[in-house]
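What follows is the content of run26.csv (CSV, C-alpha atoms).
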```csv
chain,number,residue,atom,x,y,z
A,46,MET,CA,-33.5,23.9,-1.3
A,47,THR,CA,-30.9,26.3,-0.2
A,48,SER,CA,-33.1,28.7,1.9
A,49,PHE,CA,-31.5,27.4,5.1
A,50,THR,CA,-28.0,28.2,4.0
A,51,ASN,CA,-28.3,31.9,4.8
A,52,ASN,CA,-29.4,31.1,8.3
A,53,ILE,CA,-27.4,28.2,9.5
A,54,GLN,CA,-28.2,28.7,13.1
A,55,GLU,CA,-31.9,28.3,12.4
A,56,PHE,CA,-31.2,25.1,10.5
A,57,PHE,CA,-29.2,23.8,13.4
A,58,GLU,CA,-32.1,24.4,15.8
A,59,ARG,CA,-34.4,22.5,13.5
A,60,LEU,CA,-31.9,19.6,13.4
A,61,LYS,CA,-31.7,19.6,17.1
A,62,THR,CA,-35.5,19.4,17.6
A,63,LEU,CA,-36.1,16.9,14.8
A,64,TYR,CA,-33.2,14.5,15.4
A,65,ASN,CA,-32.0,15.2,18.9
A,66,VAL,CA,-28.4,15.8,17.8
A,67,GLU,CA,-25.3,17.4,19.3
A,68,LEU,CA,-23.8,20.0,17.1
A,69,SER,CA,-20.3,21.5,17.1
A,70,GLU,CA,-18.5,23.9,14.8
A,71,ILE,CA,-15.1,22.9,13.5
A,72,ASP,CA,-14.7,26.0,11.4
A,73,SER,CA,-16.9,28.2,9.3
A,74,LYS,CA,-17.4,25.5,6.6
A,75,GLN,CA,-17.3,22.3,8.7
A,76,PHE,CA,-19.7,21.1,11.3
A,77,LYS,CA,-19.9,18.0,13.4
A,78,ILE,CA,-23.2,16.3,14.1
A,79,ILE,CA,-23.4,13.5,16.7
A,80,ALA,CA,-26.6,11.6,16.6
A,81,GLU,CA,-28.0,8.4,18.2
A,82,PRO,CA,-27.6,5.3,16.1
A,83,ASP,CA,-31.3,4.9,15.4
A,84,LYS,CA,-31.6,8.5,14.2
A,85,ILE,CA,-28.7,8.2,11.7
A,86,LEU,CA,-30.6,6.8,8.7
A,87,PRO,CA,-33.4,9.4,8.8
A,88,LEU,CA,-30.9,12.2,9.4
A,89,LEU,CA,-28.7,11.2,6.5
A,90,ALA,CA,-31.8,10.8,4.3
A,91,TYR,CA,-32.9,14.3,5.3
A,92,LEU,CA,-29.5,15.8,4.8
A,93,LYS,CA,-29.2,14.2,1.4
A,94,GLU,CA,-32.6,15.6,0.4
A,95,ILE,CA,-31.7,19.1,1.3
A,96,GLY,CA,-28.4,19.2,-0.7
A,97,TYR,CA,-25.7,17.4,1.4
A,98,SER,CA,-25.8,14.8,-1.3
A,99,HIS,CA,-22.1,13.9,-1.7
A,100,LEU,CA,-20.9,11.2,0.6
A,101,SER,CA,-17.2,12.0,0.7
A,102,ILE,CA,-16.3,9.0,2.9
A,103,LEU,CA,-17.6,6.7,5.5
A,104,THR,CA,-15.0,5.8,8.0
A,105,CYS,CA,-14.7,4.5,11.6
A,106,VAL,CA,-12.8,5.5,14.7
A,107,ASP,CA,-12.0,3.0,17.4
A,108,TRP,CA,-12.5,4.4,20.9
A,109,ILE,CA,-11.2,1.5,22.8
A,110,GLU,CA,-11.5,3.0,26.3
A,111,GLN,CA,-15.1,3.9,25.9
A,112,LYS,CA,-15.7,0.5,24.2
A,113,LYS,CA,-17.3,2.3,21.2
A,114,PHE,CA,-16.8,2.5,17.5
A,115,GLU,CA,-17.5,5.9,16.0
A,116,LEU,CA,-18.9,5.8,12.5
A,117,VAL,CA,-18.4,9.0,10.6
A,118,TYR,CA,-20.3,9.9,7.5
A,119,ILE,CA,-18.8,13.0,5.8
A,120,LEU,CA,-21.3,14.8,3.7
A,121,PHE,CA,-20.6,17.6,1.3
A,122,ASN,CA,-22.9,20.2,-0.2
A,123,TRP,CA,-21.8,21.3,-3.7
A,124,SER,CA,-24.0,24.4,-3.7
A,125,ASN,CA,-22.6,26.1,-0.5
A,126,GLY,CA,-19.4,24.2,0.1
A,127,ILE,CA,-20.3,23.1,3.6
A,128,THR,CA,-19.2,19.8,5.1
A,129,PHE,CA,-21.0,17.9,7.7
A,130,LEU,CA,-19.3,15.2,9.7
A,131,VAL,CA,-22.3,13.0,10.8
A,132,SER,CA,-21.1,10.6,13.5
A,133,THR,CA,-22.6,8.0,15.7
A,134,PHE,CA,-21.3,5.7,18.4
A,135,ILE,CA,-22.0,2.0,18.2
A,136,ASP,CA,-21.2,-0.8,20.6
A,137,ARG,CA,-17.6,-2.1,20.2
A,138,ASP,CA,-18.3,-5.6,21.3
A,139,LYS,CA,-21.2,-6.1,19.0
A,140,PRO,CA,-20.5,-3.8,16.0
A,141,VAL,CA,-23.5,-4.1,13.8
A,142,PHE,CA,-25.0,-1.2,11.9
A,143,TYR,CA,-27.2,-0.6,8.9
A,144,THR,CA,-26.0,-0.1,5.3
A,145,VAL,CA,-26.5,3.2,3.5
A,146,LYS,CA,-25.7,1.7,0.1
A,147,ASP,CA,-29.3,2.3,-1.1
A,148,MET,CA,-28.8,6.0,-0.6
A,149,TRP,CA,-25.3,6.1,-1.9
A,150,PRO,CA,-24.2,3.1,-4.0
A,151,THR,CA,-20.6,4.1,-3.4
A,152,ALA,CA,-21.1,3.4,0.3
A,153,GLU,CA,-20.9,-0.3,-0.5
A,154,TYR,CA,-17.1,-0.1,-0.8
A,155,TYR,CA,-16.7,2.2,2.2
A,156,GLU,CA,-18.6,-0.3,4.2
A,157,ARG,CA,-16.6,-3.2,3.0
A,158,ASP,CA,-13.5,-1.2,3.9
A,159,VAL,CA,-14.7,-0.5,7.4
A,160,HIS,CA,-15.8,-4.1,7.8
A,161,GLU,CA,-12.3,-5.3,6.8
A,162,PHE,CA,-10.3,-2.9,8.9
A,163,PHE,CA,-12.6,-2.6,12.0
A,164,GLY,CA,-14.9,-5.6,11.9
A,165,VAL,CA,-18.1,-3.6,11.8
A,166,GLU,CA,-20.9,-5.5,10.0
A,167,PHE,CA,-23.4,-3.6,7.9
A,168,GLU,CA,-26.8,-5.3,7.7
A,169,GLY,CA,-28.2,-5.2,4.2
A,170,ASN,CA,-24.8,-5.1,2.4
A,171,GLU,CA,-24.4,-8.7,1.3
A,172,ASN,CA,-20.9,-8.1,-0.2
A,173,CYS,CA,-19.7,-6.7,3.2
A,174,LYS,CA,-17.9,-9.9,4.1
A,175,LYS,CA,-16.0,-10.4,0.8
A,176,PRO,CA,-12.4,-9.6,1.1
A,177,MET,CA,-11.4,-6.4,-0.7
A,178,ILE,CA,-8.0,-5.0,0.4
A,179,LEU,CA,-6.6,-7.6,2.8
A,180,GLU,CA,-6.6,-11.0,1.2
A,181,LEU,CA,-6.7,-14.1,3.3
A,182,TRP,CA,-6.7,-12.2,6.5
A,183,ASN,CA,-6.9,-14.4,9.6
A,184,ASP,CA,-6.2,-12.0,12.5
A,185,LEU,CA,-8.0,-9.2,14.3
A,186,PRO,CA,-9.1,-6.4,12.0
A,187,PRO,CA,-5.9,-4.4,11.7
A,188,LEU,CA,-7.0,-0.9,12.5
A,189,ARG,CA,-8.5,-1.9,15.8
A,190,LYS,CA,-6.5,-0.4,18.7
A,191,ASP,CA,-5.9,-3.8,20.3
A,192,PHE,CA,-4.2,-5.1,17.2
A,193,ASP,CA,-0.4,-5.1,17.4
A,194,PRO,CA,1.0,-4.4,13.9
A,195,LEU,CA,4.6,-4.8,14.9
A,196,LYS,CA,4.0,-8.3,16.3
A,197,TYR,CA,2.1,-9.3,13.2
A,198,SER,CA,4.8,-7.9,11.0
A,199,LYS,CA,7.5,-9.9,12.9
A,200,GLU,CA,5.5,-13.1,12.6
A,201,HIS,CA,4.6,-12.8,9.0
A,202,TYR,CA,7.3,-10.8,7.2
A,203,PRO,CA,10.8,-11.8,8.2
A,204,ASP,CA,13.3,-9.0,8.7
A,205,ARG,CA,16.7,-8.6,7.3
A,206,GLU,CA,19.4,-9.7,9.7
A,207,TYR,CA,22.4,-7.4,9.9
A,208,GLU,CA,25.8,-8.5,10.9
A,209,LYS,CA,27.6,-6.6,13.6
A,210,ASP,CA,30.3,-4.3,12.2
A,211,ALA,CA,32.8,-3.8,15.0
A,212,ILE,CA,35.1,-1.5,13.0
A,213,HIS,CA,32.2,0.7,11.9
A,214,GLU,CA,31.0,1.0,15.5
A,215,ALA,CA,34.5,1.8,16.7
A,216,ARG,CA,34.7,4.6,14.3
A,217,ILE,CA,31.4,6.0,15.6
A,218,VAL,CA,32.7,5.8,19.1
A,219,ARG,CA,35.9,7.5,18.2
A,220,GLY,CA,33.9,10.3,16.5
A,221,ASP,CA,35.1,9.8,12.9
A,222,ILE,CA,31.6,9.3,11.6
A,223,ARG,CA,28.2,10.1,12.9
A,224,GLY,CA,25.9,7.2,13.7
A,225,ASP,CA,24.2,5.1,16.3
A,226,VAL,CA,26.1,2.3,17.9
A,227,ASN,CA,23.1,0.3,19.0
A,228,GLY,CA,21.1,1.0,15.9
B,8,MET,CA,33.5,-20.6,-10.3
B,9,SER,CA,30.1,-22.1,-9.5
B,10,LYS,CA,27.8,-23.5,-12.1
B,11,ILE,CA,25.5,-20.5,-11.9
B,12,ASP,CA,28.2,-18.1,-13.1
B,13,GLU,CA,29.3,-20.2,-16.1
B,14,ARG,CA,28.6,-18.7,-19.5
B,15,SER,CA,29.3,-19.9,-23.0
B,16,VAL,CA,30.9,-17.5,-25.5
B,17,TRP,CA,27.5,-16.9,-27.1
B,18,GLU,CA,26.0,-16.1,-23.7
B,19,LYS,CA,28.8,-13.6,-23.1
B,20,ILE,CA,28.0,-11.9,-26.5
B,21,ALA,CA,24.3,-12.1,-25.8
B,22,ASP,CA,24.9,-10.4,-22.4
B,23,GLN,CA,26.7,-7.6,-24.1
B,24,LEU,CA,23.8,-7.0,-26.3
B,25,ARG,CA,21.2,-7.5,-23.6
B,26,SER,CA,22.7,-4.9,-21.4
B,27,ARG,CA,22.3,-2.3,-24.1
B,28,SER,CA,18.6,-2.9,-24.8
B,29,MET,CA,16.7,-3.3,-21.6
B,30,TRP,CA,13.0,-2.8,-21.5
B,31,MET,CA,11.5,-1.9,-18.2
B,32,LEU,CA,8.2,-3.2,-17.1
B,33,HIS,CA,5.9,-0.3,-16.4
B,34,TYR,CA,4.5,-1.6,-13.1
B,35,CYS,CA,4.8,0.6,-10.0
B,36,THR,CA,4.2,-0.8,-6.6
B,37,GLY,CA,4.8,2.2,-4.3
B,38,CYS,CA,5.7,5.8,-4.0
B,39,GLY,CA,9.1,5.4,-5.7
B,40,ALA,CA,7.4,5.4,-9.0
B,41,VAL,CA,7.3,9.2,-8.8
B,42,GLU,CA,11.0,9.3,-9.5
B,43,LEU,CA,10.6,7.4,-12.8
B,44,PRO,CA,9.0,10.1,-14.9
B,45,PRO,CA,12.1,12.4,-14.4
B,46,SER,CA,14.3,9.5,-15.1
B,47,MET,CA,12.5,8.7,-18.3
B,48,THR,CA,12.0,12.2,-19.7
B,49,SER,CA,14.4,14.7,-21.2
B,50,ARG,CA,16.5,15.7,-18.2
B,51,PHE,CA,17.9,12.3,-17.3
B,52,ASP,CA,16.6,10.5,-20.4
B,53,MET,CA,16.7,6.8,-19.6
B,54,GLU,CA,16.4,6.0,-23.3
B,55,ARG,CA,19.9,6.9,-24.1
B,56,LEU,CA,20.9,3.8,-22.1
B,57,GLY,CA,18.6,1.8,-24.4
B,58,MET,CA,15.9,1.5,-21.8
B,59,GLY,CA,12.3,2.2,-22.2
B,60,PRO,CA,9.0,1.4,-20.5
B,61,MET,CA,7.2,-1.6,-21.7
B,62,ALA,CA,3.5,-2.5,-21.1
B,63,THR,CA,3.5,-6.3,-20.6
B,64,PRO,CA,5.7,-8.6,-18.5
B,65,ARG,CA,6.3,-10.9,-21.5
B,66,GLN,CA,8.2,-8.2,-23.3
B,67,ALA,CA,10.1,-6.7,-20.3
B,68,ASP,CA,13.6,-7.4,-19.1
B,69,ILE,CA,13.8,-5.4,-15.9
B,70,PHE,CA,11.3,-5.3,-13.1
B,71,LEU,CA,11.5,-2.3,-10.8
B,72,ILE,CA,9.9,-2.7,-7.3
B,73,THR,CA,9.4,0.9,-6.6
B,74,GLY,CA,9.1,1.3,-2.9
B,75,TYR,CA,6.9,-0.4,-0.3
B,76,LEU,CA,5.3,-3.6,-1.3
B,77,SER,CA,2.1,-4.8,0.3
B,78,ALA,CA,1.2,-8.4,0.7
B,79,LYS,CA,-1.6,-8.0,-1.8
B,80,THR,CA,0.8,-6.5,-4.4
B,81,LEU,CA,3.4,-9.1,-3.6
B,82,ARG,CA,1.1,-11.8,-5.0
B,83,ARG,CA,0.8,-9.8,-8.3
B,84,VAL,CA,4.5,-9.2,-8.3
B,85,ILE,CA,5.2,-12.9,-8.1
B,86,TYR,CA,2.7,-13.6,-10.9
B,87,THR,CA,4.4,-10.9,-13.0
B,88,TYR,CA,7.9,-12.0,-12.2
B,89,GLU,CA,7.1,-15.6,-13.2
B,90,LYS,CA,5.5,-14.4,-16.4
B,91,MET,CA,8.6,-12.5,-17.5
B,92,ALA,CA,10.8,-14.2,-20.0
B,93,ASP,CA,14.4,-15.1,-19.1
B,94,PRO,CA,16.7,-13.3,-18.6
B,95,LYS,CA,15.0,-11.0,-16.2
B,96,TYR,CA,16.5,-8.5,-13.7
B,97,VAL,CA,15.0,-7.1,-10.6
B,98,ILE,CA,15.9,-3.7,-9.0
B,99,GLY,CA,14.6,-3.0,-5.5
B,100,PHE,CA,13.9,0.7,-5.0
B,101,GLY,CA,14.4,2.5,-1.7
B,102,SER,CA,14.7,1.4,1.9
B,103,CYS,CA,11.2,-0.2,2.0
B,104,THR,CA,12.4,-3.1,-0.2
B,105,ILE,CA,15.6,-3.4,1.8
B,106,ASN,CA,14.4,-3.6,5.3
B,107,GLY,CA,10.9,-2.3,5.4
B,108,GLY,CA,11.9,1.4,5.8
B,109,ILE,CA,9.3,3.4,7.7
B,110,TYR,CA,6.8,0.6,7.2
B,111,TYR,CA,8.9,-1.9,9.2
B,112,ASP,CA,5.9,-2.4,11.6
B,113,SER,CA,3.2,-2.4,9.1
B,114,TYR,CA,0.7,-5.3,9.1
B,115,SER,CA,0.5,-5.4,5.3
B,116,THR,CA,3.9,-4.6,3.8
B,117,ILE,CA,6.8,-6.9,3.5
B,118,ASN,CA,10.2,-6.1,5.1
B,119,ARG,CA,12.6,-7.8,2.8
B,120,LEU,CA,12.2,-8.2,-0.9
B,121,ASP,CA,15.0,-10.7,-1.6
B,122,TYR,CA,13.2,-13.2,0.6
B,123,TYR,CA,10.5,-13.7,-2.0
B,124,ILE,CA,12.1,-13.0,-5.4
B,125,PRO,CA,15.8,-12.6,-6.3
B,126,VAL,CA,17.0,-9.0,-6.4
B,127,ASP,CA,20.0,-8.1,-8.6
B,128,LEU,CA,20.4,-4.6,-7.3
B,129,TYR,CA,19.1,-2.4,-4.5
B,130,ILE,CA,19.0,1.4,-4.6
B,131,ALA,CA,19.1,2.8,-1.1
B,132,GLY,CA,17.3,6.0,-0.2
B,133,CYS,CA,13.8,7.2,0.6
B,134,MET,CA,13.3,7.9,-2.2
B,135,PRO,CA,16.4,7.5,-4.4
B,136,ARG,CA,16.8,10.5,-6.7
B,137,PRO,CA,16.9,10.1,-10.5
B,138,GLU,CA,20.7,10.4,-10.3
B,139,ALA,CA,20.8,7.4,-8.1
B,140,ILE,CA,18.4,5.5,-10.4
B,141,LEU,CA,20.5,6.3,-13.5
B,142,ASN,CA,23.6,5.2,-11.5
B,143,ALA,CA,21.9,2.0,-10.7
B,144,PHE,CA,21.0,1.3,-14.3
B,145,ASN,CA,24.6,1.8,-15.3
B,146,GLN,CA,25.6,-0.5,-12.5
B,147,LEU,CA,23.1,-3.1,-13.6
B,148,MET,CA,24.3,-2.9,-17.2
B,149,GLU,CA,27.9,-3.5,-16.0
B,150,MET,CA,26.7,-6.4,-13.9
B,151,ILE,CA,24.9,-8.0,-16.9
B,152,ARG,CA,28.0,-7.7,-19.0
B,153,LYS,CA,30.1,-9.3,-16.3
B,154,GLY,CA,27.5,-12.0,-15.8
B,155,GLU,CA,26.8,-11.1,-12.2
B,156,ALA,CA,23.2,-10.2,-12.6
B,157,ASN,CA,22.0,-13.8,-12.4
B,158,GLY,CA,19.0,-13.5,-10.1
B,159,TRP,CA,16.8,-15.4,-12.6
B,160,LYS,CA,19.1,-18.3,-12.5
B,161,ARG,CA,19.1,-18.2,-8.7
B,162,TYR,CA,15.3,-18.2,-8.8
B,163,LYS,CA,15.3,-21.4,-10.8
B,164,GLU,CA,18.0,-23.0,-8.6
B,165,ASN,CA,16.4,-22.1,-5.3
B,166,TYR,CA,12.8,-22.3,-6.4
B,167,GLU,CA,11.7,-24.3,-3.4
B,168,TRP,CA,13.2,-21.9,-0.9
B,169,TYR,CA,11.6,-18.9,-2.6
B,170,LYS,CA,8.2,-20.7,-2.8
B,171,GLN,CA,8.3,-21.7,0.8
B,172,ASN,CA,9.1,-18.1,1.9
B,173,GLN,CA,6.3,-16.8,-0.3
B,174,LEU,CA,3.9,-19.2,1.2
B,175,ARG,CA,5.0,-18.4,4.7
B,176,SER,CA,4.2,-14.7,4.3
B,177,LEU,CA,1.2,-14.9,2.0
B,178,GLY,CA,-0.5,-18.2,2.9
B,179,GLU,CA,-1.4,-18.7,-0.7
B,180,VAL,CA,0.2,-17.0,-3.8
B,181,ILE,CA,-2.8,-17.7,-6.0
B,182,VAL,CA,-5.0,-14.6,-6.3
B,183,HIS,CA,-8.6,-15.0,-5.2
B,184,ASP,CA,-10.7,-11.9,-5.7
B,185,GLU,CA,-13.9,-11.0,-7.2
B,186,PHE,CA,-12.3,-9.7,-10.4
B,187,HIS,CA,-10.5,-13.0,-11.1
B,188,GLU,CA,-13.3,-15.4,-10.3
```
Go through the file and emit its structure as structure tokens.
Amino acid sequence: MTSFTNNIQEFFERLKTLYNVELSEIDSKQFKIIAEPDKILPLLAYLKEIGYSHLSILTCVDWIEQKKFELVYILFNWSNGITFLVSTFIDRDKPVFYTVKDMWPTAEYYERDVHEFFGVEFEGNENCKKPMILELWNDLPPLRKDFDPLKYSKEHYPDREYEKDAIHEARIVRGDIRGDVNG
Amino acid sequence: MSKIDERSVWEKIADQLRSRSMWMLHYCTGCGAVELPPSMTSRFDMERLGMGPMATPRQADIFLITGYLSAKTLRRVIYTYEKMADPKYVIGFGSCTINGGIYYDSYSTINRLDYYIPVDLYIAGCMPRPEAILNAFNQLMEMIRKGEANGWKRYKENYEWYKQNQLRSLGEVIVHDEFHE
């Protein structure tokens, strides 16, 4: 199972030919693999089979300018301590992907999390649409880049109103105390 | 003197006794909870003030909102606060409960705690050190003895206002999740 670990370059060549992936090195223990969306499931199954069996997290990155969501599966190998960041780009306007909860049951919750915060749907995960962290959410998914958290906060959670303290401000202007007059 | 501040002789005596035996609900909402273990244990030793952690809201007298409060937690906080028996006192920890702190623009944390439940005392700081917490506890005891810590009376008196604010921010206070249904 761990024969490839001594010769990581050879293993990378094999991945490139089998799954047509792009590889880059982050450091000696972490590597990033970018694959096409339709190659992700067989690639993850293969990596799980050869020892990268720990799904640390499944997360998502919003690349709003490229109109893509990047799904990142972080896999860890307990026998050699190597981490793979397996990522793929899906369409931002129609964010639908496949579930991996049959490979890693824990992925069900990561997928619900990604669905809630980015709006990505995972086919095959029936619980995907149940609310988990945000309850009664009725706006854009909050971690999308086009969501304005300050505006939402101002609308929903009223702020404390402070009274203007002229004497305090005068003392700041005079230099008695440090502070911000317009703050 | 308004009606809310009026106390009978017995209530004054009861307040003296209450202030010396306050049980704190062991419920931590945010990062400020990390300052509680040093306040409880030997160095600052909260118990010499007659305070101790308590497991259930029905037995507790003080409710500490330790740090930022998300909308999801606020629902549970309101549940818990309403479960607590009178008299009950609320202390808001840190700048997050005062004006949102560094989470002022967060989509899920509230900006002002006393909009939703009455707060008797705020401790400023991010986070307040155990010295500040002990100071606040002393202050709260003093306020109880003087009859100034009457947030629980204000909650009864202004229940509609508080409810309306809770509904405005939360939509619905009732918790719907897969663990409750």
TODO: Skip Phe134 in chain A itself and residues of its chain fewer than 5 positions away, then list as a PyMOL selection string all residues within 10 Å of it, counting all atoms listed in the file.
DONE: chain A and resi 79-82+105-108+111-117+140
- [ ] Find the distance between CA of Ile53 in chain A and CA of Ile127 in chain A and write it in Å to one decimal.
- [x] 10.5 Å
Open item on the list: Contacts from chain A to chain B, 7 Å maximum, only C-alpha atoms: show me the residue list as JSON, numbers by chain.
Closed with: {"A": [179, 180, 194, 195, 197, 198, 201, 202, 203, 204, 205]}
Include C-alpha atoms and write out the residues we just selected as a CSV table (one decimal), in the coordinates of the input.
```csv
chain,number,residue,atom,x,y,z
A,179,LEU,CA,-6.6,-7.6,2.8
A,180,GLU,CA,-6.6,-11.0,1.2
A,194,PRO,CA,1.0,-4.4,13.9
A,195,LEU,CA,4.6,-4.8,14.9
A,197,TYR,CA,2.1,-9.3,13.2
A,198,SER,CA,4.8,-7.9,11.0
A,201,HIS,CA,4.6,-12.8,9.0
A,202,TYR,CA,7.3,-10.8,7.2
A,203,PRO,CA,10.8,-11.8,8.2
A,204,ASP,CA,13.3,-9.0,8.7
A,205,ARG,CA,16.7,-8.6,7.3
```
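Between CA of Thr151 in chain A and CA of Leu103 in chain A lies a distance of 9.7 Å.
CA of Leu68 in chain A to CA of Val131 in chain A spans 9.5 Å [interatomic distance, one decimal].
Near (14.0, -19.1, -1.0), the residues that fall inside 9 Å on the basis of only C-alpha atoms are Asp121, Tyr122, Tyr123, Ile124, Pro125, Tyr162, Asn165, Tyr166, Glu167, Trp168, Tyr169, Lys170, Gln171, Asn172 and Gln173 of chain B.
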Open item on the list: Residues near Asn142 in chain B, anyone? I mean within 12 Å using only C-alpha atoms, not counting same-chain ones fewer than 5 positions away, as a ChimeraX atom specification.
Closed with: /B:46,51,53,56,128-131,135-137,147-149
Open item on the list: Can you tell me which residues surround range 29-34 of chain B at a distance of at most 7 Å, considering all atoms listed in the file, apart from same-chain residues fewer than 5 positions away, and format the answer as a PyMOL selection string?
Closed with: chain B and resi 57-64+67-70
